[in-house]
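K.L.:
TSV, C-alpha atoms and all ligand atoms, file work16.tsv:
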chain	number	residue	atom	x	y	z
A	1	MET	CA	186.17	93.15	76.88
A	2	ARG	CA	183.26	95.57	76.65
A	3	SER	CA	180.43	94.77	78.97
A	4	TRP	CA	176.98	94.96	77.42
A	5	ASP	CA	175.96	97.39	80.13
A	6	GLN	CA	178.81	99.73	79.27
A	7	GLN	CA	177.99	103.15	77.85
A	8	PRO	CA	178.23	103.27	74.07
A	9	ALA	CA	181.37	104.77	72.54
A	10	ASP	CA	179.34	107.00	70.20
A	11	PRO	CA	176.65	108.79	72.24
A	12	ALA	CA	174.36	108.68	69.18
A	13	ASP	CA	174.34	104.85	69.26
A	14	GLY	CA	172.07	104.67	72.28
A	15	ARG	CA	169.41	106.75	70.53
A	16	TYR	CA	168.66	104.00	68.03
A	17	ALA	CA	166.88	100.71	68.55
A	18	VAL	CA	169.11	99.13	65.90
A	19	ARG	CA	172.14	100.47	64.04
A	20	LEU	CA	174.01	98.82	61.21
A	21	ARG	CA	177.28	100.31	60.04
A	22	ASP	CA	179.07	99.04	56.93
A	23	VAL	CA	177.62	95.57	57.36
A	24	THR	CA	178.85	93.01	54.85
A	25	LYS	CA	177.81	89.37	54.78
A	26	ARG	CA	179.54	86.93	52.48
A	27	PHE	CA	178.43	83.32	52.13
A	28	GLY	CA	181.04	80.83	50.92
A	29	GLN	CA	184.49	81.56	49.56
A	30	GLY	CA	186.34	81.93	46.28
A	31	PRO	CA	184.56	82.18	42.92
A	32	THR	CA	181.27	80.78	44.29
A	33	ALA	CA	181.07	83.28	47.19
A	34	VAL	CA	177.86	85.30	47.44
A	35	LEU	CA	177.90	88.86	48.76
A	36	ALA	CA	174.46	88.89	50.39
A	37	LEU	CA	175.00	92.27	52.11
A	38	ASP	CA	177.43	94.84	50.79
A	39	ARG	CA	178.36	97.65	53.22
A	40	VAL	CA	174.84	98.21	54.47
A	41	GLY	CA	174.06	101.00	56.91
A	42	ALA	CA	170.73	101.60	58.67
A	43	ASP	CA	169.47	103.48	61.73
A	44	ILE	CA	166.17	102.32	63.21
A	45	THR	CA	164.61	104.92	65.50
A	46	PRO	CA	162.67	103.63	68.54
A	47	GLY	CA	158.89	103.72	68.13
A	48	THR	CA	158.93	103.37	64.35
A	49	PHE	CA	157.67	100.76	61.88
A	50	THR	CA	160.10	99.99	59.04
A	51	ALA	CA	159.59	97.81	55.95
A	52	VAL	CA	162.59	96.09	54.38
A	53	MET	CA	161.84	95.43	50.72
A	54	GLY	CA	163.61	94.31	47.58
A	55	PRO	CA	163.51	91.69	44.84
A	56	SER	CA	164.05	88.01	45.61
A	57	GLY	CA	167.67	87.39	46.58
A	58	SER	CA	168.36	91.07	47.32
A	59	GLY	CA	169.44	90.33	50.91
A	60	LYS	CA	166.31	91.04	52.98
A	61	SER	CA	166.46	87.89	55.14
A	62	THR	CA	170.20	88.25	55.57
A	63	PHE	CA	169.67	91.86	56.69
A	64	LEU	CA	167.08	90.73	59.23
A	65	HIS	CA	169.22	87.84	60.50
A	66	CYS	CA	172.27	90.08	60.98
A	67	ALA	CA	170.27	92.93	62.55
A	68	ALA	CA	168.58	90.51	64.97
A	69	GLY	CA	171.78	88.75	66.03
A	70	LEU	CA	170.64	85.45	64.47
A	71	ASP	CA	173.69	85.53	62.22
A	72	ARG	CA	176.99	87.37	62.47
A	73	PRO	CA	178.10	89.69	59.67
A	74	THR	CA	181.41	89.07	57.91
A	75	SER	CA	182.37	92.67	58.74
A	76	GLY	CA	180.77	95.84	60.03
A	77	VAL	CA	178.97	96.76	63.23
A	78	VAL	CA	175.48	95.84	64.44
A	79	ARG	CA	174.15	97.53	67.57
A	80	LEU	CA	170.98	96.70	69.40
A	81	GLY	CA	170.29	99.73	71.59
A	82	PRO	CA	173.66	100.38	73.21
A	83	HIS	CA	174.97	96.84	72.70
A	84	ASP	CA	177.58	96.02	70.08
A	85	LEU	CA	176.62	92.47	69.09
A	86	ALA	CA	180.16	91.58	67.98
A	87	ALA	CA	181.35	92.14	71.55
A	88	LEU	CA	178.99	89.48	72.93
A	89	GLY	CA	179.79	85.80	73.26
A	90	GLU	CA	177.20	83.23	72.19
A	91	ARG	CA	175.63	82.91	75.64
A	92	ARG	CA	175.08	86.64	76.06
A	93	LEU	CA	173.92	87.02	72.48
A	94	THR	CA	171.30	84.30	73.06
A	95	GLU	CA	170.21	86.03	76.28
A	96	LEU	CA	170.00	89.39	74.50
A	97	ARG	CA	167.94	87.86	71.67
A	98	ARG	CA	165.61	86.29	74.19
A	99	THR	CA	165.02	89.41	76.23
A	100	ARG	CA	165.60	92.37	73.89
A	101	VAL	CA	164.38	91.10	70.50
A	102	GLY	CA	160.94	89.89	69.42
A	103	PHE	CA	160.42	87.64	66.39
A	104	VAL	CA	157.36	87.06	64.23
A	105	PHE	CA	157.68	84.59	61.35
A	106	GLN	CA	155.46	83.68	58.42
A	107	ALA	CA	154.95	80.18	59.88
A	108	PHE	CA	153.86	81.42	63.36
A	109	ASN	CA	156.26	78.93	65.10
A	110	LEU	CA	154.06	78.30	68.14
A	111	LEU	CA	154.61	75.28	70.38
A	112	PRO	CA	151.62	72.99	69.73
A	113	SER	CA	151.44	71.46	73.22
A	114	LEU	CA	151.39	74.82	75.03
A	115	THR	CA	148.29	76.93	75.54
A	116	VAL	CA	148.00	80.43	74.13
A	117	GLU	CA	149.01	81.90	77.48
A	118	GLN	CA	151.99	79.56	77.84
A	119	ASN	CA	153.13	80.34	74.29
A	120	ILE	CA	152.94	84.08	74.95
A	121	THR	CA	154.91	83.90	78.19
A	122	LEU	CA	157.48	81.37	76.93
A	123	PRO	CA	160.25	83.94	76.26
A	124	LEU	CA	159.91	85.15	79.86
A	125	ARG	CA	160.09	81.62	81.26
A	126	LEU	CA	163.17	80.87	79.12
A	127	ALA	CA	164.79	84.01	80.53
A	128	GLY	CA	163.78	83.06	84.11
A	129	ARG	CA	161.54	86.13	84.39
A	130	GLN	CA	157.98	86.66	85.56
A	131	ALA	CA	155.33	88.24	83.37
A	132	GLN	CA	154.54	91.83	84.36
A	133	ALA	CA	150.80	91.55	84.93
A	134	ASP	CA	149.89	95.00	83.53
A	135	TRP	CA	151.94	94.62	80.37
A	136	PHE	CA	150.69	91.06	79.80
A	137	ASP	CA	147.08	92.24	80.19
A	138	HIS	CA	147.74	95.16	77.90
A	139	ILE	CA	149.11	93.09	75.03
A	140	VAL	CA	146.58	90.27	75.43
A	141	SER	CA	143.82	92.88	75.07
A	142	ALA	CA	145.59	94.59	72.18
A	143	VAL	CA	145.81	91.33	70.21
A	144	GLY	CA	142.25	90.32	71.16
A	145	LEU	CA	143.08	86.96	72.74
A	146	ARG	CA	141.65	87.39	76.23
A	147	GLU	CA	138.93	84.76	75.65
A	148	ARG	CA	141.34	82.25	74.14
A	149	LEU	CA	144.21	82.05	76.61
A	150	THR	CA	143.56	78.40	77.48
A	151	ARG	CA	143.24	77.18	73.88
A	152	LEU	CA	145.92	75.25	72.03
A	153	PRO	CA	147.34	76.64	68.74
A	154	ALA	CA	145.58	73.91	66.71
A	155	GLN	CA	142.24	75.29	67.96
A	156	LEU	CA	142.98	78.72	66.45
A	157	SER	CA	142.78	80.17	62.93
A	158	GLY	CA	145.96	81.28	61.15
A	159	GLY	CA	145.27	84.92	61.95
A	160	GLN	CA	144.69	84.10	65.63
A	161	GLN	CA	147.93	82.09	65.72
A	162	GLN	CA	149.81	85.07	64.30
A	163	ARG	CA	148.23	87.24	67.02
A	164	VAL	CA	149.69	84.85	69.61
A	165	ALA	CA	153.08	85.12	67.91
A	166	ILE	CA	152.88	88.94	68.03
A	167	ALA	CA	151.94	88.90	71.72
A	168	ARG	CA	154.83	86.49	72.38
A	169	ALA	CA	157.20	88.84	70.53
A	170	LEU	CA	156.06	91.85	72.58
A	171	VAL	CA	155.85	90.21	76.00
A	172	THR	CA	159.45	91.06	76.97
A	173	ARG	CA	159.04	94.71	75.81
A	174	PRO	CA	161.85	94.17	73.32
A	175	GLU	CA	164.16	96.84	71.93
A	176	VAL	CA	162.82	95.80	68.52
A	177	THR	CA	160.52	93.20	66.96
A	178	PHE	CA	161.58	91.67	63.66
A	179	ALA	CA	158.82	90.30	61.47
A	180	ASP	CA	159.73	88.15	58.47
A	181	GLU	CA	156.85	88.10	55.94
A	182	PRO	CA	154.35	87.98	58.85
A	183	THR	CA	151.34	87.97	56.53
A	184	GLY	CA	152.76	85.59	53.92
A	185	ALA	CA	150.55	82.67	55.03
A	186	LEU	CA	147.34	84.67	55.55
A	187	ASP	CA	144.40	85.63	53.35
A	188	PRO	CA	144.27	89.35	52.40
A	189	GLU	CA	141.65	90.33	54.98
A	190	THR	CA	143.44	88.59	57.87
A	191	ALA	CA	146.72	90.02	56.59
A	192	ARG	CA	145.27	93.53	56.91
A	193	ASP	CA	144.22	92.81	60.51
A	194	ILE	CA	147.70	91.58	61.40
A	195	LEU	CA	149.36	94.61	59.77
A	196	GLY	CA	146.95	96.84	61.68
A	197	LEU	CA	148.00	95.10	64.86
A	198	LEU	CA	151.71	95.65	64.17
A	199	ARG	CA	150.90	99.29	63.41
A	200	GLN	CA	149.03	99.52	66.72
A	201	ALA	CA	152.00	97.96	68.57
A	202	VAL	CA	154.11	100.87	67.28
A	203	THR	CA	151.60	103.71	67.62
A	204	ASP	CA	149.85	102.73	70.86
A	205	LEU	CA	152.39	100.52	72.65
A	206	HIS	CA	155.47	102.49	71.47
A	207	GLN	CA	157.18	99.38	70.16
A	208	THR	CA	159.71	99.27	67.30
A	209	VAL	CA	158.99	96.93	64.39
A	210	VAL	CA	161.14	96.00	61.39
A	211	MET	CA	159.28	93.91	58.81
A	212	VAL	CA	160.61	92.10	55.76
A	213	THR	CA	157.93	91.97	53.08
A	214	HIS	CA	157.40	91.60	49.33
A	215	ASP	CA	154.01	93.25	49.54
A	216	PRO	CA	153.59	96.99	48.75
A	217	MET	CA	150.23	96.94	50.59
A	218	ALA	CA	152.04	95.72	53.72
A	219	ALA	CA	154.71	98.41	53.36
A	220	ALA	CA	151.95	101.03	53.26
A	221	HIS	CA	151.28	100.35	56.97
A	222	THR	CA	154.82	101.39	57.90
A	223	ASP	CA	156.55	104.73	58.56
A	224	HIS	CA	159.54	104.08	56.36
A	225	ALA	CA	160.56	101.59	53.66
A	226	VAL	CA	164.13	100.70	52.76
A	227	PHE	CA	164.85	98.98	49.46
A	228	LEU	CA	167.63	96.44	48.97
A	229	SER	CA	169.04	95.37	45.64
A	230	GLY	CA	172.09	93.17	45.18
A	231	GLY	CA	172.87	93.39	48.89
A	232	ARG	CA	172.90	97.20	49.02
A	233	ILE	CA	170.37	99.70	50.27
A	234	VAL	CA	169.47	101.55	47.10
A	235	ASP	CA	166.44	103.62	48.11
A	236	GLY	CA	164.30	104.71	51.04
A	237	MET	CA	160.81	106.17	51.37
A	238	ASP	CA	159.01	107.91	54.24
A	239	ALA	CA	155.26	107.38	54.68
A	240	PRO	CA	155.23	104.80	51.87
A	241	SER	CA	152.10	104.29	49.80
A	242	ALA	CA	151.40	100.99	48.04
A	243	ASP	CA	151.56	102.65	44.60
A	244	ARG	CA	154.89	104.40	45.15
A	245	VAL	CA	156.39	101.25	46.67
A	246	ALA	CA	155.14	99.13	43.73
A	247	ASP	CA	156.78	101.59	41.32
A	248	VAL	CA	160.14	101.37	43.06
A	249	MET	CA	159.89	97.57	43.21
A	250	SER	CA	159.11	97.35	39.46
A	251	GLY	CA	162.14	99.54	38.73
A	252	LEU	CA	164.38	97.33	40.88
A	253	ARG	CA	163.09	94.13	39.24
A	254	ARG	CA	163.71	95.61	35.78
A	255	ALA	CA	167.23	96.63	36.77
A	256	ALA	CA	168.05	93.26	38.38
A	301	LIG	N1	173.18	80.28	53.92
A	301	LIG	C1	173.44	80.74	52.69
A	301	LIG	N2	174.43	80.19	51.95
A	301	LIG	C2	174.73	80.66	50.71
A	301	LIG	N3	174.09	81.69	50.13
A	301	LIG	C3	173.10	82.27	50.81
A	301	LIG	C4	172.72	81.83	52.12
A	301	LIG	N4	171.68	82.61	52.55
A	301	LIG	C5	171.43	83.49	51.56
A	301	LIG	N5	172.28	83.29	50.52
A	301	LIG	C6	172.33	84.06	49.28
A	301	LIG	O1	172.42	85.44	49.63
A	301	LIG	C7	171.63	86.24	48.75
A	301	LIG	C8	170.59	87.00	49.58
A	301	LIG	O2	169.67	86.06	50.15
A	301	LIG	P1	168.45	86.49	51.07
A	301	LIG	O3	167.77	85.23	51.49
A	301	LIG	O4	168.95	87.39	52.13
A	301	LIG	O5	167.55	87.30	50.04
A	301	LIG	P2	166.02	87.74	50.19
A	301	LIG	O6	165.94	89.12	49.63
A	301	LIG	O7	165.55	87.51	51.56
A	301	LIG	O8	165.32	86.73	49.17
A	301	LIG	P3	163.80	86.18	49.15
A	301	LIG	O9	162.92	87.38	48.93
A	301	LIG	O10	163.80	85.27	47.95
A	301	LIG	O11	163.55	85.47	50.44
A	301	LIG	C9	171.00	85.27	47.75
A	301	LIG	O12	171.83	85.26	46.60
A	301	LIG	C10	171.05	83.94	48.46
A	301	LIG	O13	171.13	82.88	47.54
If you convert what's in this file into structure tokens, what do you get?

P.N.:
Amino acid sequence: MRSWDQQPADPADGRYAVRLRDVTKRFGQGPTAVLALDRVGADITPGTFTAVMGPSGSGKSTFLHCAAGLDRPTSGVVRLGPHDLAALGERRLTELRRTRVGFVFQAFNLLPSLTVEQNITLPLRLAGRQAQADWFDHIVSAVGLRERLTRLPAQLSGGQQQRVAIARALVTRPEVTFADEPTGALDPETARDILGLLRQAVTDLHQTVVMVTHDPMAAAHTDHAVFLSGGRIVDGMDAPSADRVADVMSGLRRAA
């Protein structure tokens, strides 16, 4: 069996934070089966911010779940850095998710009985690791939570709670952070702050972020947008602007 520390077979694999090759995901069987992803390929370069877009039901969440090792594809290859996820058993996959992947969800998903600081460092404690003081300080400053480390989530606004979730995602210095509609529950002004923070995590902290979003304004904060339709990647755009993204999205909705 391949060890997860083994060198990759294709030397190019190690250059990407995430690689999907021919990834297909089928839910169910027979006439009611749904092909949620249909031979999808994607290369996510380290230190980039990518938006995954597409109409409702186009496969965005399935893409994110397969790329993040939350779900296993029916066929195809998913690599996180040099690691082929299919080669990992459940225990190692869980460990890899905990230490090499950050998650930010629409619903924040903070633990209500833990303070801000305890929520941020939770992934490290689960992995039996200590916080690196410099990095912890760095991200706490970046997300602007230094004065609120002893608060509980219920004492914070939605935007502040999402800042905690972003700090928690970054605390392990993951290979990649996946954000699923991270601004979906926020008012437009707070949403802009949170998108600016994700942008800053990429530009200043050299992190890699992949964000599922419906919102062309959100995509405009990213370096690259990929568009899914019917489970396939049908388009891509560098340096996306909200207007160009909205045009592509309208076209995809009309065609759907
Ligand atoms: N667990 C599941 N069982 C059966 N079908 C599923 C399952 N998860 C997703 N699907 C189907 O797969 C397709 C893609 O779903 P997915 O949630 O990935 O789309 P999406 O683009 O994220 O949609 P939305 O924008 O509405 O969240 C849809 O047809 C959906 O109904």

K.L.:
Set the distance at 12 Å and use only C-alpha atoms: which residues neighbour Leu80 (chain A) once local chain neighbours fewer than 3 positions away are removed? I'd like the list as an NGL selection string.

P.N.:
:A and (4-5 or 8 or 13-21 or 42-46 or 66-69 or 77 or 83-88 or 93 or 96-97 or 99-101 or 174-177 or 208)

K.L.:
Pick the closest to ligand LIG 301 (chain A) from A:Val209, A:Val248, A:Ile233, A:Ala165: which is it, counting all atoms listed in the file?

P.N.:
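For ligand LIG 301 (chain A), the nearest of the given residues is A:Ile233.
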
K.L.:
Please list as a PDB file with C-alpha atoms, in the frame of the given file every residue within 10 Å of Trp135 (chain A), counting all atoms listed in the file and excluding residues in the same chain fewer than 2 positions away.

P.N.:
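Result written to selection_28.pdb:
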ATOM      1  CA  ALA A 131     155.330  88.240  83.370  1.00  0.00           C
ATOM      2  CA  GLN A 132     154.540  91.830  84.360  1.00  0.00           C
ATOM      3  CA  ALA A 133     150.800  91.550  84.930  1.00  0.00           C
ATOM      4  CA  ASP A 137     147.080  92.240  80.190  1.00  0.00           C
ATOM      5  CA  HIS A 138     147.740  95.160  77.900  1.00  0.00           C
ATOM      6  CA  ILE A 139     149.110  93.090  75.030  1.00  0.00           C
ATOM      7  CA  VAL A 140     146.580  90.270  75.430  1.00  0.00           C
ATOM      8  CA  SER A 141     143.820  92.880  75.070  1.00  0.00           C
ATOM      9  CA  LEU A 170     156.060  91.850  72.580  1.00  0.00           C
ATOM     10  CA  VAL A 171     155.850  90.210  76.000  1.00  0.00           C
ATOM     11  CA  THR A 172     159.450  91.060  76.970  1.00  0.00           C
ATOM     12  CA  ARG A 173     159.040  94.710  75.810  1.00  0.00           C
ATOM     13  CA  LEU A 205     152.390 100.520  72.650  1.00  0.00           C
TER      14      LEU A 205
END

K.L.:
Leaving out Gln162 (chain A) and any residue of its chain fewer than 2 positions from it, which residues lie within 10 Å of it when counting all atoms listed in the file, given as a ChimeraX atom specification?

P.N.:
/A:104-110,143,153,156-160,164-168,182-183,185-186,190-191,194

K.L.:
Go through the chains and note each residue within 12 Å of ligand LIG 301 (chain A), using all atoms listed in the file, then give the set as a ChimeraX atom specification.

P.N.:
/A:24-29,32-38,52-67,71-73,106,180-181,184,211-215,227-233,253

K.L.:
In Å, with one decimal, what is the gap from CA of Ala169 (chain A) to CA of Ala51 (chain A)?

P.N.:
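CA of Ala51 (chain A) lies 17.3 Å from CA of Ala169 (chain A).
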
K.L.:
Rounded to one decimal, what separation in Å do you get between CA of Leu126 (chain A) and CA of Gly89 (chain A)?

P.N.:
18.3 Å

K.L.:
Using all atoms listed in the file, which residues sit within 8 Å of Met237 (chain A) once same-chain residues fewer than 4 positions away are excluded, as a count of residues only?

P.N.:
3

K.L.:
In Å to one decimal, how far is CA of Pro240 (chain A) from CA of Leu252 (chain A)?

P.N.:
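These two atoms are separated by 16.1 Å.
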
K.L.:
Need to verify the contact set: Asp223 (chain A), 10 Å, all atoms listed in the file, exclusion of same-chain residues closer than 2 positions in sequence. Can you return it as a list of chain:residue names?

P.N.:
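Neighbouring residues, sequence-local ones excluded: A:Gly47, A:Thr48, A:Phe49, A:Thr50, A:Ala51, A:Arg199, A:Val202, A:Ala219, A:Ala220, A:His221, A:Ala225, A:Met237, A:Asp238, A:Ala239, A:Pro240, A:Ser241.
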
K.L.:
Axis-aligned box over every listed atom of region 179-192 of chain A, padded by 5 Å per side: centre and edges in Å to one decimal, as AutoDock Vina command-line options?

P.N.:
--center_x 150.7 --center_y 88.1 --center_z 56.9 --size_x 28.1 --size_y 20.9 --size_z 19.1
